[in-house]
file upload.cif (mmCIF, C-alpha atoms)
data_work
loop_
_atom_site.label_atom_id
_atom_site.label_comp_id
_atom_site.auth_asym_id
_atom_site.auth_seq_id
_atom_site.Cartn_x
_atom_site.Cartn_y
_atom_site.Cartn_z
CA MET A 14 0.00 0.00 0.00
CA THR A 15 2.76 2.45 0.90
CA ALA A 16 4.74 1.78 -2.29
CA ALA A 17 1.62 2.41 -4.37
CA LEU A 18 1.00 5.68 -2.54
CA VAL A 19 4.59 6.83 -3.08
CA ALA A 20 4.35 5.96 -6.78
CA TRP A 21 1.07 7.84 -7.13
CA VAL A 22 2.49 10.95 -5.42
CA ALA A 23 5.61 10.84 -7.58
CA SER A 24 3.60 10.55 -10.79
CA SER A 25 1.20 13.27 -9.64
CA TRP A 26 4.07 15.61 -8.79
CA ASP A 27 5.49 15.32 -12.32
CA ALA A 28 2.11 16.22 -13.81
CA LEU A 29 1.73 19.49 -11.89
CA PRO A 30 1.72 22.66 -13.97
CA GLY A 31 4.55 25.15 -13.55
CA THR A 32 2.18 27.94 -12.57
CA MET A 33 1.07 25.90 -9.58
CA LEU A 34 4.61 25.92 -8.22
CA VAL A 35 4.51 29.73 -8.23
CA LEU A 36 0.90 30.39 -7.22
CA ALA A 37 0.48 27.74 -4.51
CA PRO A 38 3.00 29.27 -2.08
CA LEU A 39 1.51 32.74 -2.62
CA ILE A 40 -2.00 31.45 -1.94
CA CYS A 41 -0.75 29.65 1.16
CA VAL A 42 1.01 32.71 2.55
CA LEU A 43 -1.99 34.96 1.98
CA ALA A 44 -4.40 32.46 3.54
CA TYR A 45 -2.27 31.96 6.65
CA VAL A 46 -1.63 35.68 7.10
CA ILE A 47 -5.39 36.13 7.26
CA TYR A 48 -5.60 33.08 9.57
CA GLY A 49 -3.03 34.67 11.87
CA LEU A 50 -4.92 37.95 11.96
CA THR A 51 -8.43 36.58 12.41
CA GLY A 52 -8.02 33.04 13.78
CA PHE A 53 -10.01 31.38 10.99
CA GLY A 54 -10.43 31.39 7.25
CA SER A 55 -7.33 29.69 5.86
CA THR A 56 -9.22 26.83 4.25
CA LEU A 57 -12.01 29.11 3.07
CA LEU A 58 -9.49 31.15 1.09
CA SER A 59 -6.94 28.62 -0.06
CA GLY A 60 -9.20 25.61 -0.74
CA PRO A 61 -11.17 27.07 -3.65
CA SER A 62 -8.01 28.58 -5.11
CA TYR A 63 -6.16 25.25 -4.98
CA VAL A 64 -9.07 23.45 -6.68
CA HIS A 65 -8.25 25.30 -9.88
CA MET A 66 -4.77 23.76 -9.89
CA LEU A 67 -4.95 20.42 -8.05
CA PRO A 68 -7.45 17.59 -7.70
CA LEU A 69 -9.56 17.63 -4.56
CA ARG A 70 -8.09 14.34 -3.31
CA MET A 71 -4.70 16.06 -3.02
CA ILE A 72 -6.04 19.28 -1.49
CA LEU A 73 -7.84 17.79 1.51
CA PRO A 74 -4.78 16.10 3.11
CA LEU A 75 -2.69 19.17 2.29
CA GLN A 76 -5.15 21.51 4.00
CA VAL A 77 -5.53 19.28 7.06
CA SER A 78 -1.78 19.05 7.61
CA LEU A 79 -1.23 22.79 7.02
CA ASP A 80 -4.11 23.76 9.32
CA LEU A 81 -2.92 21.44 12.08
CA ALA A 82 0.63 22.80 11.91
CA ALA A 83 -0.58 26.41 11.83
CA THR A 84 -2.95 25.86 14.75
CA VAL A 85 -0.25 24.28 16.90
CA LEU A 86 2.24 27.02 16.04
CA LEU A 87 -0.22 29.85 16.62
CA GLY A 88 -1.61 28.20 19.76
CA THR A 89 1.83 27.86 21.36
CA LYS A 90 2.85 31.44 20.53
CA VAL A 91 -0.41 33.13 21.58
CA TRP A 92 -1.44 31.03 24.55
#

call {"tool": "encode", "arguments": {"input": "upload.cif", "output": "structure tokens"}}
result
Amino acid sequence: MTAALVAWVASSWDALPGTMLVLAPLICVLAYVIYGLTGFGSTLLSGPSYVHMLPLRMILPLQVSLDLAATVLLGTKVW
């Protein structure tokens, strides 16, 4: 199962458009700046923007891991 997942991710990574490599970090930074200011909204902003570039099955795990990391980081700094 793990080898199949690694192969799928590797093949999916090669198929990504070049514009995604530029726009995805900008979308992420903007979404998490707003998340840091307001405390919510990162997925509401970045999710629909990512859907134009990536399939939904790749976006959901990405958003969950980014939101968890951001919540832990923000929660420890602003306790």

call {"tool": "closest_residue", "arguments": {"input": "upload.cif", "among": "A:Leu50, A:Thr56, A:Val19, A:Met33", "to": "Leu79 (chain A)", "atoms": "only C-alpha atoms"}}
result
A:Thr56

call {"tool": "atom_distance", "arguments": {"input": "upload.cif", "atom1": "CA of Pro61 (chain A)", "atom2": "CA of Gly88 (chain A)"}}
result
25.3 Å

call {"tool": "resolve_selection", "arguments": {"input": "upload.cif", "expression": "the PyMOL selection byres ((chain A and resi 76) around 10)", "output": "list of chain:residue names"}}
result
A:Cys41, A:Ser55, A:Thr56, A:Ser59, A:Gly60, A:Tyr63, A:Met71, A:Ile72, A:Leu73, A:Pro74, A:Leu75, A:Val77, A:Ser78, A:Leu79, A:Asp80, A:Leu81, A:Ala82

call {"tool": "atom_distance", "arguments": {"input": "upload.cif", "atom1": "CA of Ser62 (chain A)", "atom2": "CA of Ile40 (chain A)"}}
result
7.4 Å

call {"tool": "residues_around", "arguments": {"input": "upload.cif", "residues": "Phe53 (chain A)", "least_positions_apart": "4", "cutoff": "12 Å", "atoms": "all atoms listed in the file", "output": "count of residues only"}}
result
13

call {"tool": "atom_distance", "arguments": {"input": "upload.cif", "atom1": "CA of Gly31 (chain A)", "atom2": "CA of Leu67 (chain A)"}}
result
12.0 Å

call {"tool": "closest_residue", "arguments": {"input": "upload.cif", "among": "A:Gly52, A:Ala37, A:Val42, A:Lys90", "to": "Val64 (chain A)", "atoms": "all atoms listed in the file"}}
result
A:Ala37

call {"tool": "build_atoms", "arguments": {"input": "upload.cif", "residues": "region 70-81 of chain A", "atoms": "all heavy atoms", "output": "JSON list (two decimals), in the frame of the given file"}}
result
[["chain", "number", "residue", "atom", "x", "y", "z"],
["A", 70, "ARG", "N", -8.67, 15.39, -4.15],
["A", 70, "ARG", "CA", -8.09, 14.34, -3.31],
["A", 70, "ARG", "C", -6.67, 14.68, -2.84],
["A", 70, "ARG", "O", -6.17, 14.09, -1.90],
["A", 70, "ARG", "CB", -8.12, 13.00, -4.02],
["A", 70, "ARG", "CG", -7.25, 12.97, -5.25],
["A", 70, "ARG", "CD", -7.28, 11.62, -5.90],
["A", 70, "ARG", "NE", -6.39, 11.65, -7.04],
["A", 70, "ARG", "CZ", -6.63, 11.06, -8.17],
["A", 70, "ARG", "NH1", -7.72, 10.36, -8.32],
["A", 70, "ARG", "NH2", -5.77, 11.13, -9.15],
["A", 71, "MET", "N", -6.01, 15.61, -3.49],
["A", 71, "MET", "CA", -4.70, 16.06, -3.02],
["A", 71, "MET", "C", -4.83, 17.26, -2.09],
["A", 71, "MET", "O", -3.98, 17.48, -1.22],
["A", 71, "MET", "CB", -3.80, 16.43, -4.20],
["A", 71, "MET", "CG", -3.37, 15.26, -5.04],
["A", 71, "MET", "SD", -2.38, 15.76, -6.45],
["A", 71, "MET", "CE", -0.85, 16.20, -5.66],
["A", 72, "ILE", "N", -5.88, 18.06, -2.27],
["A", 72, "ILE", "CA", -6.04, 19.28, -1.49],
["A", 72, "ILE", "C", -6.44, 18.99, -0.04],
["A", 72, "ILE", "O", -5.94, 19.64, 0.88],
["A", 72, "ILE", "CB", -7.07, 20.21, -2.16],
["A", 72, "ILE", "CG1", -6.52, 20.68, -3.50],
["A", 72, "ILE", "CG2", -7.39, 21.40, -1.28],
["A", 72, "ILE", "CD1", -7.53, 21.38, -4.33],
["A", 73, "LEU", "N", -7.34, 18.05, 0.16],
["A", 73, "LEU", "CA", -7.84, 17.79, 1.51],
["A", 73, "LEU", "C", -6.73, 17.38, 2.48],
["A", 73, "LEU", "O", -6.61, 17.98, 3.56],
["A", 73, "LEU", "CB", -8.96, 16.76, 1.47],
["A", 73, "LEU", "CG", -10.24, 17.26, 0.80],
["A", 73, "LEU", "CD1", -11.26, 16.14, 0.75],
["A", 73, "LEU", "CD2", -10.80, 18.45, 1.52],
["A", 74, "PRO", "N", -5.87, 16.40, 2.17],
["A", 74, "PRO", "CA", -4.78, 16.10, 3.11],
["A", 74, "PRO", "C", -3.81, 17.25, 3.28],
["A", 74, "PRO", "O", -3.28, 17.48, 4.37],
["A", 74, "PRO", "CB", -4.09, 14.88, 2.49],
["A", 74, "PRO", "CG", -5.01, 14.35, 1.49],
["A", 74, "PRO", "CD", -5.92, 15.45, 1.08],
["A", 75, "LEU", "N", -3.57, 18.00, 2.21],
["A", 75, "LEU", "CA", -2.69, 19.17, 2.29],
["A", 75, "LEU", "C", -3.24, 20.20, 3.26],
["A", 75, "LEU", "O", -2.52, 20.70, 4.14],
["A", 75, "LEU", "CB", -2.51, 19.78, 0.90],
["A", 75, "LEU", "CG", -1.77, 21.10, 0.82],
["A", 75, "LEU", "CD1", -0.30, 20.88, 1.09],
["A", 75, "LEU", "CD2", -1.97, 21.74, -0.54],
["A", 76, "GLN", "N", -4.52, 20.51, 3.13],
["A", 76, "GLN", "CA", -5.15, 21.51, 4.00],
["A", 76, "GLN", "C", -5.19, 21.05, 5.46],
["A", 76, "GLN", "O", -4.97, 21.85, 6.38],
["A", 76, "GLN", "CB", -6.55, 21.83, 3.53],
["A", 76, "GLN", "CG", -6.60, 22.71, 2.32],
["A", 76, "GLN", "CD", -5.95, 24.04, 2.56],
["A", 76, "GLN", "OE1", -5.06, 24.41, 1.81],
["A", 76, "GLN", "NE2", -6.34, 24.77, 3.54],
["A", 77, "VAL", "N", -5.48, 19.78, 5.69],
["A", 77, "VAL", "CA", -5.53, 19.28, 7.06],
["A", 77, "VAL", "C", -4.16, 19.38, 7.72],
["A", 77, "VAL", "O", -4.04, 19.84, 8.86],
["A", 77, "VAL", "CB", -6.05, 17.82, 7.08],
["A", 77, "VAL", "CG1", -5.83, 17.18, 8.44],
["A", 77, "VAL", "CG2", -7.52, 17.78, 6.71],
["A", 78, "SER", "N", -3.12, 18.99, 7.01],
["A", 78, "SER", "CA", -1.78, 19.05, 7.61],
["A", 78, "SER", "C", -1.32, 20.50, 7.81],
["A", 78, "SER", "O", -0.72, 20.82, 8.84],
["A", 78, "SER", "CB", -0.77, 18.28, 6.76],
["A", 78, "SER", "OG", -0.71, 18.80, 5.47],
["A", 79, "LEU", "N", -1.60, 21.38, 6.85],
["A", 79, "LEU", "CA", -1.23, 22.79, 7.02],
["A", 79, "LEU", "C", -2.00, 23.45, 8.16],
["A", 79, "LEU", "O", -1.43, 24.21, 8.95],
["A", 79, "LEU", "CB", -1.46, 23.56, 5.72],
["A", 79, "LEU", "CG", -0.49, 23.30, 4.58],
["A", 79, "LEU", "CD1", -0.94, 24.02, 3.33],
["A", 79, "LEU", "CD2", 0.91, 23.71, 4.96],
["A", 80, "ASP", "N", -3.30, 23.17, 8.25],
["A", 80, "ASP", "CA", -4.11, 23.76, 9.32],
["A", 80, "ASP", "C", -3.69, 23.25, 10.70],
["A", 80, "ASP", "O", -3.65, 24.02, 11.66],
["A", 80, "ASP", "CB", -5.59, 23.49, 9.09],
["A", 80, "ASP", "CG", -6.18, 24.36, 8.02],
["A", 80, "ASP", "OD1", -5.53, 25.36, 7.65],
["A", 80, "ASP", "OD2", -7.30, 24.08, 7.57],
["A", 81, "LEU", "N", -3.37, 21.98, 10.80],
["A", 81, "LEU", "CA", -2.92, 21.44, 12.08],
["A", 81, "LEU", "C", -1.60, 22.08, 12.51],
["A", 81, "LEU", "O", -1.45, 22.50, 13.66],
["A", 81, "LEU", "CB", -2.77, 19.93, 11.99],
["A", 81, "LEU", "CG", -2.29, 19.24, 13.26],
["A", 81, "LEU", "CD1", -3.32, 19.40, 14.37],
["A", 81, "LEU", "CD2", -2.01, 17.78, 13.00]]
